[in-house]
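K.L.:
One file is attached below, data_36.txt, containing compact mmCIF, C-alpha atoms.
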# COMPACT_ATOMS: atom_id res chain seq x y z
CA MET A 277 0.00 0.00 0.00
CA ASP A 278 1.50 3.30 -1.13
CA ALA A 279 -0.11 6.03 0.97
CA ASN A 280 1.37 8.73 -1.26
CA ARG A 281 -1.04 7.74 -4.03
CA GLU A 282 -4.77 8.38 -4.26
CA ILE A 283 -6.73 5.78 -2.35
CA GLY A 284 -7.90 3.85 -5.42
CA GLU A 285 -4.39 3.42 -6.77
CA ALA A 286 -2.88 2.93 -3.32
CA ALA A 287 -5.23 0.27 -1.95
CA PHE A 288 -6.52 -1.53 -5.07
CA GLY A 289 -9.96 -1.77 -3.47
CA ASN A 290 -8.70 -3.76 -0.49
CA ALA A 291 -10.68 -2.75 2.61
CA ILE A 292 -7.77 -3.25 5.02
CA ALA A 293 -5.45 -1.20 2.82
CA GLU A 294 -8.09 1.52 2.44
CA SER A 295 -8.44 1.70 6.22
CA ALA A 296 -4.66 1.95 6.63
CA TRP A 297 -4.51 4.68 3.96
CA THR A 298 -7.21 6.69 5.72
CA LYS A 299 -5.59 6.35 9.15
CA PHE A 300 -2.22 7.38 7.70
CA HIS A 301 -3.63 10.61 6.29
CA GLU A 302 -5.73 11.31 9.36
CA TYR A 303 -2.54 11.08 11.43
CA ILE A 304 -0.78 13.55 9.11
CA ASN A 305 -3.80 15.83 9.30
CA GLU A 306 -3.60 15.84 13.10
CA ALA A 307 -0.03 17.10 12.85
CA GLN A 308 -1.05 19.70 10.26
CA SER A 309 -3.86 20.88 12.52
CA SER A 310 -1.42 21.28 15.41
CA ILE A 311 0.82 23.44 13.23
CA GLN A 312 -2.18 25.48 12.14
CA THR A 313 -3.17 26.05 15.77
CA GLU A 314 0.33 27.19 16.72
CA PHE A 315 1.28 29.25 13.66
CA GLY A 316 -2.05 30.21 12.12
CA THR A 317 -2.79 30.81 8.45
CA VAL A 318 -1.82 33.33 5.79
CA THR A 319 -3.97 34.42 2.83
CA ASN A 320 -2.20 34.84 -0.51
CA THR A 321 -2.91 37.13 -3.45
CA ALA A 322 -5.41 34.62 -4.89
CA SER A 323 -7.37 34.67 -1.61
CA ILE A 324 -6.21 31.12 -0.80
CA GLU A 325 -5.70 30.54 2.90
CA GLY A 326 -2.66 28.48 3.83
CA VAL A 327 -1.13 27.16 7.04
CA GLY A 328 2.12 28.79 8.16
CA GLY A 329 4.06 25.57 7.84
CA LEU A 330 5.26 22.92 5.41
CA VAL A 331 4.64 19.21 4.89
CA PHE A 332 8.09 17.66 4.40
CA ASP A 333 7.84 14.19 2.83
CA VAL A 334 11.18 12.34 3.17
CA HIS A 335 12.22 9.36 1.07
CA GLY A 336 15.40 7.70 -0.13
CA TYR A 337 16.54 6.40 -3.52
CA ALA A 338 19.26 4.02 -4.66
CA GLY A 339 20.47 6.10 -7.60
CA THR A 340 22.55 3.25 -8.99
CA ASP A 341 22.03 4.61 -12.51
CA TRP A 342 24.11 7.65 -11.49
CA HIS A 343 27.88 7.87 -10.98
CA ASN A 344 29.54 7.40 -7.56
CA ASP A 345 27.51 4.30 -6.65
CA GLY A 346 24.44 6.47 -6.25
CA SER A 347 23.82 10.10 -7.05
CA ASP A 348 24.96 12.78 -4.60
CA PHE A 349 21.84 14.85 -5.27
CA ILE A 350 18.97 15.43 -2.90
CA GLN A 351 16.13 15.26 -5.39
CA TRP A 352 13.51 17.82 -4.37
CA GLY A 353 10.04 16.91 -5.63
CA TYR A 354 7.24 19.36 -6.35
CA ARG A 355 5.07 17.13 -8.54
CA LEU A 356 6.73 18.74 -11.55
CA SER A 357 8.28 16.27 -13.98
CA LYS A 358 11.71 16.81 -15.49
CA ASP A 359 9.93 17.62 -18.77
CA SER A 360 8.00 20.35 -16.95
CA LEU A 361 11.29 21.72 -15.63
CA ASP A 362 13.10 21.42 -18.99
CA GLN A 363 14.60 24.86 -19.61
CA SER A 364 15.14 24.11 -23.30
CA ALA A 365 11.41 23.61 -23.88
CA GLU A 366 9.34 26.51 -25.12
CA ASN A 367 7.40 28.34 -22.40
CA ASN A 368 8.83 26.25 -19.57
CA CYS A 369 10.88 29.06 -18.07
CA PRO A 370 9.70 30.50 -15.84
CA ILE A 371 7.55 27.53 -14.91
CA ASP A 372 4.82 29.87 -13.69
CA ILE A 373 3.84 30.37 -17.35
CA THR A 374 2.67 26.79 -17.88
CA SER A 375 1.98 25.64 -14.33
CA SER A 376 -1.58 26.07 -13.13
CA SER A 377 -2.65 26.04 -9.49
CA THR A 378 -3.46 22.33 -9.81
CA ARG A 379 -0.16 21.28 -11.39
CA GLY A 380 2.63 20.63 -8.96
CA SER A 381 2.73 21.49 -5.29
CA PHE A 382 3.05 24.84 -3.52
CA THR A 383 -0.49 25.66 -4.64
CA HIS A 384 -0.57 28.27 -1.88
CA ALA A 385 3.07 29.43 -1.72
CA ARG A 386 3.34 30.18 -5.44
CA GLN A 387 0.83 33.00 -5.07
CA MET A 388 2.18 34.61 -1.94
CA PRO A 389 3.03 38.32 -2.39
CA GLY A 390 6.32 38.79 -4.21
CA GLU A 391 6.82 35.06 -4.82
CA SER A 392 6.96 32.89 -7.93
CA LEU A 393 6.97 29.14 -8.42
CA GLU A 394 10.14 29.46 -10.51
CA CYS A 395 12.09 31.02 -7.66
CA LEU A 396 10.63 28.80 -4.94
CA VAL A 397 11.42 25.60 -6.87
CA ARG A 398 14.83 26.32 -8.41
CA GLY A 399 15.82 29.86 -7.58
CA PRO A 400 17.82 31.44 -4.76
CA LYS A 401 14.86 31.00 -2.41
CA SER A 402 14.45 27.28 -3.14
CA LEU A 403 14.97 24.64 -0.49
CA GLY A 404 17.55 22.98 -2.71
CA GLN A 405 19.65 26.13 -2.87
CA ARG A 406 19.26 26.89 0.82
CA PHE A 407 20.74 23.47 1.56
CA ASN A 408 23.42 23.88 -1.13
CA ASP A 409 24.57 27.08 0.54
CA GLN A 410 25.51 25.07 3.64
CA LEU A 411 27.62 22.47 1.82
CA PRO A 412 29.92 20.65 1.96
CA LEU A 413 29.02 18.29 4.76
CA SER A 414 31.97 18.26 7.12
CA LEU A 415 31.93 14.53 7.79
CA ASP A 416 31.22 13.14 4.33
CA SER A 417 33.87 11.94 1.92
CA SER A 418 32.09 13.59 -1.01
CA GLU A 419 32.19 17.38 -1.23
CA THR A 420 29.10 17.29 -3.44
CA CYS A 421 26.89 15.07 -1.27
CA GLY A 422 23.54 16.75 -0.67
CA ARG A 423 23.50 19.20 -3.57
CA GLY A 424 19.96 19.98 -4.61
CA LEU A 425 18.14 19.06 -7.79
CA PRO A 426 16.51 21.37 -8.70
CA SER A 427 18.18 24.41 -7.17
CA LEU A 428 19.78 27.62 -8.39
CA ASP A 429 23.02 25.68 -8.92
CA TYR A 430 21.28 22.80 -10.73
CA GLN A 431 18.14 24.26 -12.27
CA ASP A 432 17.26 21.67 -14.90
CA PRO A 433 16.76 18.07 -13.69
CA LYS A 434 16.28 16.80 -17.24
CA ALA A 435 19.60 18.24 -18.39
CA VAL A 436 21.45 16.95 -15.33
CA ALA A 437 19.85 13.50 -15.60
CA SER A 438 21.03 13.28 -19.23
CA ASP A 439 24.55 14.60 -18.60
CA PRO A 440 27.24 11.86 -18.66
CA THR A 441 29.12 13.86 -16.05
CA TYR A 442 26.50 12.70 -13.57
CA CYS A 443 24.51 9.93 -15.27
CA ALA A 444 26.05 6.48 -15.73
CA ASP A 445 22.97 4.69 -17.07
CA ASN A 446 23.42 2.68 -20.26
CA ASP A 447 20.65 4.54 -22.07
CA GLY A 448 22.07 7.90 -20.97
CA VAL A 449 19.02 8.98 -18.98
CA CYS A 450 18.93 8.75 -15.18
CA SER A 451 15.92 8.86 -12.90
CA TYR A 452 14.61 12.05 -11.34
CA TYR A 453 11.91 11.65 -8.71
CA SER A 454 9.49 14.54 -9.06
CA GLY A 455 7.38 13.71 -6.01
CA GLY A 456 4.85 10.90 -5.89
CA TYR A 457 2.51 12.28 -3.27
CA ASP A 458 -1.14 13.14 -3.83
CA VAL A 459 -1.30 16.94 -3.92
CA LYS A 460 -5.01 17.10 -3.18
CA VAL A 461 -4.69 15.07 0.01
CA HIS A 462 -1.31 16.35 1.21
CA GLU A 463 -1.97 20.03 0.48
CA ARG A 464 -5.60 20.36 1.59
CA MET A 465 -6.42 20.43 5.27
CA ASP A 466 -10.00 19.18 4.97
CA TRP A 467 -9.41 16.80 2.06
CA ASP A 468 -12.08 14.34 3.19
CA ASN A 469 -14.90 16.92 3.28
CA ASP A 470 -13.80 19.44 0.66
CA PRO A 471 -14.72 18.10 -2.81
CA THR A 472 -13.88 21.39 -4.52
CA PHE A 473 -10.54 21.66 -2.67
CA SER A 474 -11.21 25.30 -1.95
CA GLY A 475 -10.43 25.16 1.76
CA ILE A 476 -7.24 25.79 3.71
CA HIS A 477 -4.00 24.62 2.07
CA MET A 478 -0.65 23.45 3.42
CA ASN A 479 2.35 23.55 1.10
CA THR A 480 4.16 20.25 0.52
CA VAL A 481 7.57 19.18 -0.76
CA GLN A 482 9.26 15.80 -1.11
CA ALA A 483 12.96 15.13 -0.58
CA GLU A 484 14.57 11.98 -1.96
CA LEU A 485 17.79 11.53 0.02
CA PRO A 486 20.83 9.95 -1.67
CA ARG A 487 22.85 6.99 -0.43
CA CYS A 488 25.74 9.21 0.68
CA ILE A 489 23.44 10.72 3.31
CA ARG A 490 21.37 7.69 4.23
CA PHE A 491 24.19 5.20 4.60
CA ALA A 492 27.43 7.17 4.99
CA THR A 493 29.81 4.75 6.75
CA ASP A 494 29.45 2.76 9.94
CA GLU A 495 31.76 5.21 11.71
CA THR A 496 30.13 8.43 10.51
CA ARG A 497 26.47 7.58 9.88
CA ASN A 498 25.02 9.04 13.08
CA ALA A 499 27.12 12.19 12.84
CA VAL A 500 26.20 12.69 9.17
CA HIS A 501 22.51 12.23 9.92
CA GLU A 502 22.70 14.75 12.76
CA GLU A 503 24.49 17.29 10.59
CA VAL A 504 22.06 16.81 7.70
CA GLY A 505 19.15 17.19 10.11
CA ASP A 506 20.59 20.47 11.39
CA LYS A 507 21.14 21.82 7.88
CA LEU A 508 17.69 20.74 6.72
CA SER A 509 16.20 22.50 9.74
CA ILE A 510 18.02 25.71 8.82
CA ALA A 511 16.88 25.45 5.20
CA LEU A 512 13.27 24.70 6.11
CA CYS A 513 13.06 27.33 8.83
CA SER A 514 14.53 30.08 6.66
CA PHE A 515 12.21 29.07 3.81
CA THR A 516 9.03 29.24 5.88
CA THR A 517 10.14 32.40 7.69
CA ASP A 518 10.80 34.20 4.40
CA LEU A 519 7.60 32.86 2.85
CA PHE A 520 5.22 33.76 5.66
CA GLY A 521 6.95 36.89 6.90
CA SER A 522 7.36 35.79 10.49
CA ASP A 523 9.42 33.37 12.54
CA THR A 524 7.72 29.99 12.24
CA CYS A 525 10.50 28.01 13.93
How does this structure look as structure tokens?
P.N.:
Amino acid sequence: MDANREIGEAAFGNAIAESAWTKFHEYINEAQSSIQTEFGTVTNTASIEGVGGLVFDVHGYAGTDWHNDGSDFIQWGYRLSKDSLDQSAENNCPIDITSSSTRGSFTHARQMPGESLECLVRGPKSLGQRFNDQLPLSLDSSETCGRGLPSLDYQDPKAVASDPTYCADNDGVCSYYSGGYDVKVHERMDWDNDPTFSGIHMNTVQAELPRCIRFATDETRNAVHEEVGDKLSIALCSFTTDLFGSDTC
């Protein structure tokens, strides 16, 4: 059962799986509600009300099609495919031109005053770049471990995933994970009773962590995980503080 998918795809009609799916999202919603109670909501320029927080969906990937026995990139997922982020494609840059409020995540953040989806996803304000700015990790053997895709430094996942400098796959195209979560459920507070999805939102992002972070070495794993956790906290806190205009940490 994949709780990041819509219930029909996730549970295949199995009643036990459907119950597990529902309980999983109810548990997440309890956490979201706690954040809403503590930090309140902010209304954007499109009159969409959003919680002053962020759903951070953490995963890991093998990346064996990349060089270095697994890519060094943290792959940040916004439900935007690498084709959607392809800077060589007509009208894909900035991505705000072709991305509607129902395509990709940050359905609330993208319309905050002075913000754009382009900048939030792969610009200087992006989570990927905020983490990049804290690299390298002091305890990791790779100076590039943790670099963000996309980010200001690596703006085009399709180009990077097709570049032999990084990609070692036989067909010349490596995998980029754009975020497999269900935007309607993850980004809507009252998803079970809001068929038009016009209620309060909560912005969501997925991070696929590479092997160099998840495994490190037996001697350094705990220290690397602690350092990555600290740097992620700084990136996430600065992101939400800048986005909502107040200290949310």
K.L.:
Please provide as a ChimeraX atom specification all residues within 12 Å of A:Cys525, with the sequence filter that same-chain residues fewer than 2 positions apart are discarded (counting only C-alpha atoms).
P.N.:
/A:311,314-315,328-330,509-518,520-523
K.L.:
Determine the nearest neighbour of A:Ser360 from the options A:Gln482, A:Ser454, A:Thr493, A:Gln312, counting all atoms listed in the file.
P.N.:
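Counting all atoms listed in the file, the residue closest to A:Ser360 is A:Ser454.
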K.L.:
My list of candidates is A:Glu306, A:Ser451, A:Arg281, A:Thr420. Which is closest to A:Glu294 when distances are computed with all atoms listed in the file?
P.N.:
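Closest candidate: A:Arg281.
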K.L.:
If I take atom CA of A:Gln405 and atom CA of A:Phe349, how far is one from the other in Å, to one decimal?
P.N.:
11.7 Å
K.L.:
Anything within 6 Å of (-1.2, 31.0, -2.7): list those residues as a ChimeraX atom specification, counting all atoms listed in the file and sticking to the file's coordinates.
P.N.:
/A:320,322,324,383-388
K.L.:
Just the number, please: distance in Å from atom CA of A:Arg406 to atom CA of A:Phe491, one decimal.
P.N.:
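Interatomic distance, atom CA of A:Arg406 to atom CA of A:Phe491: 22.6 Å.
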K.L.:
Using all atoms listed in the file, which of the listed residues (A:Val449, A:Asp348, A:Ser414, A:Lys299) sits closest to A:Ile283?
P.N.:
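With all atoms listed in the file as the atom set, the closest residue is A:Lys299.
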K.L.:
If we count all atoms listed in the file, what is near A:Glu502 at a cut-off of 12 Å, once residues fewer than 3 positions away on the same chain are taken out, given as a ChimeraX atom specification?
P.N.:
/A:413-415,489-490,492,496-499,505-509
K.L.:
Find the residues near stretch 390-400 of chain A: any atom within 12 Å, counting all atoms listed in the file, skip ones fewer than 5 places away on the same chain, and give them as a PyMOL selection string.
P.N.:
chain A and resi 320-321+351-356+360-363+368-377+379-385+405-409+424-433+454+479-482+511+514-516+518-521
K.L.:
Provide the atom CA of A:Val327 to atom CA of A:His301 distance in Å, to one decimal place.
P.N.:
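Result for atom CA of A:Val327 versus atom CA of A:His301: 16.8 Å, one decimal.
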K.L.:
With 9 Å as the threshold, what does the neighbourhood of (24.9, 11.4, -10.3) contain in terms of residues, counting only C-alpha atoms? Coordinates are those of the file; answer as a list of chain:residue names.
P.N.:
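Nearby residues: A:Gly339, A:Thr340, A:Asp341, A:Trp342, A:His343, A:Asn344, A:Asp345, A:Gly346, A:Ser347, A:Asp348, A:Phe349, A:Val436, A:Ala437, A:Asp439, A:Pro440, A:Thr441, A:Tyr442, A:Cys443, A:Ala444, A:Cys450.
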K.L.:
Considering all atoms listed in the file, return as a PyMOL selection string whatever protein or nucleic-acid residues lie within 12 Å of A:Gly475, sequence-local ones (same chain, fewer than 4 positions apart) excluded.
P.N.:
chain A and resi 317+319+323-327+383-384+460-461+463-471
K.L.:
Once you add 8 Å to each side, what are the centre and edge lengths of the axis-aligned box holding all listed atoms of stretch 384-393 of chain A? One decimal in Å, as JSON, if you can.
P.N.:
{"center_x": 3.2, "center_y": 33.5, "center_z": -5.1, "size_x": 23.5, "size_y": 26.5, "size_z": 22.7}
